[in-house]
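See below for the structure under consideration.
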Amino acid sequence: MVLSLPKPVKEGPLSKSKQARHVVGKVLRHVKVHPRGICSNQQSAFTPEWYECRSAIKEALRCYRRLLSDKDYREGISKDHGMGLERGKPSGIGQHMRLAKLVRCLGKWVNTAKKIGCVAGIEVGDGFHWRGELCIVGLHSEFQKGIDCITSLNGSKIWATSIFDSGRYDSSTRKVSSDEFTYCGEGENPSFCGFKKLKDQKLVGGNRALMNNMIDRKPVRVIRRFDNIGNTNESGYKFVYEGLYQVNHCWKEIRMDSGKYVYKFNLVKLEDHLQYEPQWKVNNVRTRRYH
């Protein structure tokens, strides 16, 4: 595979003609998405190391999708690594957890160390087909939780590395503008509690982590699910990395449907020049080819 480093372009907001326009509920949203997902041409100039990481990400995604579609290949890899054969028809989150584990067994996971900030090889607007793909490339390691966290070395403090909006949670987000939204904290969601009596949300786990991000001014990655926007998976949706956001404000309010307190977080997207760490960006790079 041959990749080309593109000519540097001036960073700035996209024109409306270059934005994908989507309607989510009653909210009109502009989202920069790559029509070919992770394999699209680059819009910024990065270092060779960054592009090498991107190549590794593409290979990991190809491996993941082959495992998903090719049962014989999947069973062969499972047998080679002592995982045993599948029981029954694989489906749902369990299947994707298994696929991610197989990709790890093959040594193809990328960005395996959790970190706060941007992820090498990933651009704002990159699209992914499955939840497990977010895990193997280092964007979001939780298969079910919406808030992914990292703990300090001494275990005394926790921060959020990323948040994932799947659209499953009732009133989980409210869009303020194209670069600002309100996110509802985790826990005590009436859509998933069944007959369990709801309680007030607590400032623990992911909620505490987002609060600490606000206090310590640490950014958080945002990934969202979009339906029917092109190059989707077989279920008609895709996951888009929307970039780094700053938690600006946190408060408690009462849910109208349950009468219980929930935490709300206001997040604002960082400016373009803050979306990538300086170590990955280069200036005045001529177009080169490498294998």
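Scheme for the structure tokens: letters A, B, ... for chains in order shown; per-chain residue numbers from 1; ligand numbers from 1 in order shown.
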
Quiz prompt | Lys199 in chain A environment, 8 Å, only C-alpha atoms, sequence neighbours closer than 4 positions dropped, as a PyMOL selection string | solution = chain A and resi 188+260-261

Restrict the selected residues to N, CA and C atoms and save them as a compact mmCIF listing (two decimals), in the first residue's frame.
# COMPACT_ATOMS: atom_id res chain seq x y z
N GLU A 188 -28.40 5.15 36.23
CA GLU A 188 -29.82 5.36 36.53
C GLU A 188 -30.60 5.85 35.30
N LYS A 260 -35.79 12.37 39.47
CA LYS A 260 -34.50 12.12 40.10
C LYS A 260 -33.43 13.04 39.53
N TYR A 261 -32.42 13.31 40.35
CA TYR A 261 -31.34 14.19 39.93
C TYR A 261 -30.40 13.48 38.95

Quiz item: DSSP says helix (DSSP H, G or I) for which residues of range 77-271 of chain A? Put them as number ranges by chain?
Solution: A: 77-80, 92-105, 131-136, 205-216

Output N, CA, C and O atoms for every residue in that selection, as a compact mmCIF listing (two decimals), in the first residue's frame.
# COMPACT_ATOMS: atom_id res chain seq x y z
N ILE A 77 -8.29 -18.67 13.43
CA ILE A 77 -7.54 -17.83 14.36
C ILE A 77 -7.88 -18.20 15.80
O ILE A 77 -7.00 -18.25 16.67
N SER A 78 -9.15 -18.46 16.07
CA SER A 78 -9.57 -18.85 17.42
C SER A 78 -8.87 -20.13 17.85
O SER A 78 -8.38 -20.24 18.98
N LYS A 79 -8.82 -21.09 16.95
CA LYS A 79 -8.18 -22.37 17.27
C LYS A 79 -6.68 -22.20 17.50
O LYS A 79 -6.11 -22.77 18.44
N ASP A 80 -6.04 -21.38 16.66
CA ASP A 80 -4.60 -21.15 16.79
C ASP A 80 -4.23 -20.52 18.13
O ASP A 80 -3.13 -20.74 18.64
N GLY A 92 -24.30 -9.43 18.45
CA GLY A 92 -24.29 -8.43 19.49
C GLY A 92 -22.93 -8.08 20.04
O GLY A 92 -21.89 -8.35 19.43
N ILE A 93 -22.94 -7.48 21.23
CA ILE A 93 -21.72 -6.97 21.83
C ILE A 93 -20.73 -8.08 22.13
O ILE A 93 -19.52 -7.90 22.04
N GLY A 94 -21.23 -9.27 22.48
CA GLY A 94 -20.34 -10.39 22.78
C GLY A 94 -19.48 -10.77 21.59
O GLY A 94 -18.30 -11.09 21.73
N GLN A 95 -20.09 -10.76 20.40
CA GLN A 95 -19.33 -11.10 19.20
C GLN A 95 -18.21 -10.09 18.97
O GLN A 95 -17.08 -10.46 18.64
N HIS A 96 -18.51 -8.82 19.14
CA HIS A 96 -17.49 -7.80 18.86
C HIS A 96 -16.40 -7.77 19.93
O HIS A 96 -15.24 -7.45 19.63
N MET A 97 -16.73 -8.13 21.13
CA MET A 97 -15.69 -8.27 22.15
C MET A 97 -14.75 -9.41 21.79
O MET A 97 -13.52 -9.31 21.95
N ARG A 98 -15.32 -10.49 21.26
CA ARG A 98 -14.50 -11.63 20.84
C ARG A 98 -13.61 -11.25 19.66
O ARG A 98 -12.43 -11.60 19.62
N LEU A 99 -14.16 -10.52 18.69
CA LEU A 99 -13.38 -10.09 17.54
C LEU A 99 -12.21 -9.20 17.96
O LEU A 99 -11.08 -9.36 17.46
N ALA A 100 -12.48 -8.28 18.88
CA ALA A 100 -11.41 -7.39 19.36
C ALA A 100 -10.31 -8.20 20.04
O ALA A 100 -9.11 -7.91 19.89
N LYS A 101 -10.71 -9.23 20.78
CA LYS A 101 -9.72 -10.09 21.44
C LYS A 101 -8.87 -10.84 20.42
O LYS A 101 -7.66 -11.00 20.60
N LEU A 102 -9.51 -11.30 19.34
CA LEU A 102 -8.76 -11.99 18.29
C LEU A 102 -7.76 -11.06 17.61
O LEU A 102 -6.63 -11.46 17.30
N VAL A 103 -8.17 -9.81 17.38
CA VAL A 103 -7.26 -8.85 16.77
C VAL A 103 -6.07 -8.59 17.70
O VAL A 103 -4.93 -8.45 17.25
N ARG A 104 -6.34 -8.57 19.00
CA ARG A 104 -5.25 -8.41 19.96
C ARG A 104 -4.31 -9.62 19.91
O ARG A 104 -3.08 -9.47 19.96
N CYS A 105 -4.88 -10.82 19.81
CA CYS A 105 -4.05 -12.03 19.72
C CYS A 105 -3.14 -11.98 18.50
O CYS A 105 -2.02 -12.52 18.54
N ARG A 131 -18.45 -0.87 17.23
CA ARG A 131 -17.95 -0.43 18.53
C ARG A 131 -16.56 -1.02 18.83
O ARG A 131 -15.69 -0.35 19.38
N GLY A 132 -16.35 -2.27 18.43
CA GLY A 132 -15.07 -2.91 18.68
C GLY A 132 -13.93 -2.23 17.94
O GLY A 132 -12.77 -2.27 18.38
N GLU A 133 -14.21 -1.59 16.81
CA GLU A 133 -13.18 -0.89 16.06
C GLU A 133 -12.64 0.30 16.84
O GLU A 133 -11.45 0.62 16.75
N LEU A 134 -13.50 0.96 17.58
CA LEU A 134 -13.05 2.08 18.42
C LEU A 134 -12.05 1.60 19.46
O LEU A 134 -11.11 2.31 19.82
N CYS A 135 -12.26 0.37 19.91
CA CYS A 135 -11.40 -0.20 20.94
C CYS A 135 -10.02 -0.55 20.38
O CYS A 135 -9.00 -0.21 20.98
N ILE A 136 -9.97 -1.21 19.23
CA ILE A 136 -8.69 -1.70 18.72
C ILE A 136 -7.79 -0.58 18.19
O ILE A 136 -6.59 -0.78 18.04
N GLY A 205 -17.44 7.42 39.39
CA GLY A 205 -17.12 6.83 38.09
C GLY A 205 -16.92 7.87 37.01
O GLY A 205 -16.18 8.85 37.16
N GLY A 206 -17.62 7.67 35.87
CA GLY A 206 -17.47 8.58 34.74
C GLY A 206 -17.92 9.99 35.04
O GLY A 206 -17.37 10.96 34.49
N ASN A 207 -18.92 10.14 35.90
CA ASN A 207 -19.38 11.48 36.25
C ASN A 207 -18.30 12.25 37.02
O ASN A 207 -18.05 13.42 36.75
N ARG A 208 -17.67 11.59 37.96
CA ARG A 208 -16.57 12.21 38.69
C ARG A 208 -15.41 12.52 37.74
O ARG A 208 -14.75 13.55 37.86
N ALA A 209 -15.15 11.61 36.79
CA ALA A 209 -14.05 11.81 35.85
C ALA A 209 -14.28 13.06 35.00
O ALA A 209 -13.37 13.87 34.81
N LEU A 210 -15.51 13.23 34.49
CA LEU A 210 -15.81 14.42 33.69
C LEU A 210 -15.70 15.70 34.53
O LEU A 210 -15.24 16.73 34.03
N MET A 211 -16.10 15.62 35.78
CA MET A 211 -15.95 16.76 36.68
C MET A 211 -14.46 17.12 36.83
O MET A 211 -14.08 18.30 36.79
N ASN A 212 -13.61 16.10 36.98
CA ASN A 212 -12.18 16.36 37.12
C ASN A 212 -11.58 16.93 35.84
O ASN A 212 -10.65 17.75 35.88
N ASN A 213 -12.09 16.48 34.68
CA ASN A 213 -11.64 17.07 33.42
C ASN A 213 -11.93 18.57 33.40
O ASN A 213 -11.12 19.36 32.92
N MET A 214 -13.09 18.95 33.90
CA MET A 214 -13.47 20.36 33.95
C MET A 214 -12.53 21.13 34.89
O MET A 214 -12.00 22.20 34.53
N ILE A 215 -12.30 20.58 36.06
CA ILE A 215 -11.46 21.26 37.06
C ILE A 215 -10.02 21.40 36.58
O ILE A 215 -9.39 22.46 36.72
N ASP A 216 -9.49 20.33 35.99
CA ASP A 216 -8.07 20.32 35.59
C ASP A 216 -7.87 20.75 34.14
O ASP A 216 -6.73 20.70 33.65

Quiz item: Can you tell me, as a PyMOL selection string, what residues are no more than 12 Å from Gln201 in chain A when counting only C-alpha atoms, ignoring any on the same chain fewer than 6 positions away?
Solution: chain A and resi 184-190+207-208+251-255+258-264

Restrict the selected residues to C-alpha atoms and save them as a short mmCIF file (atom, residue, chain, number, x, y, z; two decimals), in the first residue's frame.
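Final output, saved to again_21.cif:
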data_model
loop_
_atom_site.label_atom_id
_atom_site.label_comp_id
_atom_site.auth_asym_id
_atom_site.auth_seq_id
_atom_site.Cartn_x
_atom_site.Cartn_y
_atom_site.Cartn_z
CA CYS A 184 -26.08 13.63 30.51
CA GLY A 185 -24.04 11.73 33.11
CA GLU A 186 -23.99 7.95 33.44
CA GLY A 187 -26.14 5.74 35.62
CA GLU A 188 -29.82 5.36 36.53
CA ASN A 189 -31.12 5.55 32.97
CA PRO A 190 -34.85 4.74 32.84
CA ASN A 207 -19.38 11.48 36.25
CA ARG A 208 -16.57 12.21 38.69
CA TRP A 251 -24.62 20.95 37.19
CA LYS A 252 -27.44 18.82 38.62
CA GLU A 253 -31.02 18.96 37.52
CA ILE A 254 -34.20 16.94 38.03
CA ARG A 255 -35.38 14.66 35.23
CA SER A 258 -38.39 10.32 36.91
CA GLY A 259 -38.09 13.20 39.38
CA LYS A 260 -34.50 12.12 40.10
CA TYR A 261 -31.34 14.19 39.93
CA VAL A 262 -28.96 13.72 36.99
CA TYR A 263 -25.64 15.35 36.19
CA LYS A 264 -25.30 17.46 33.05
#
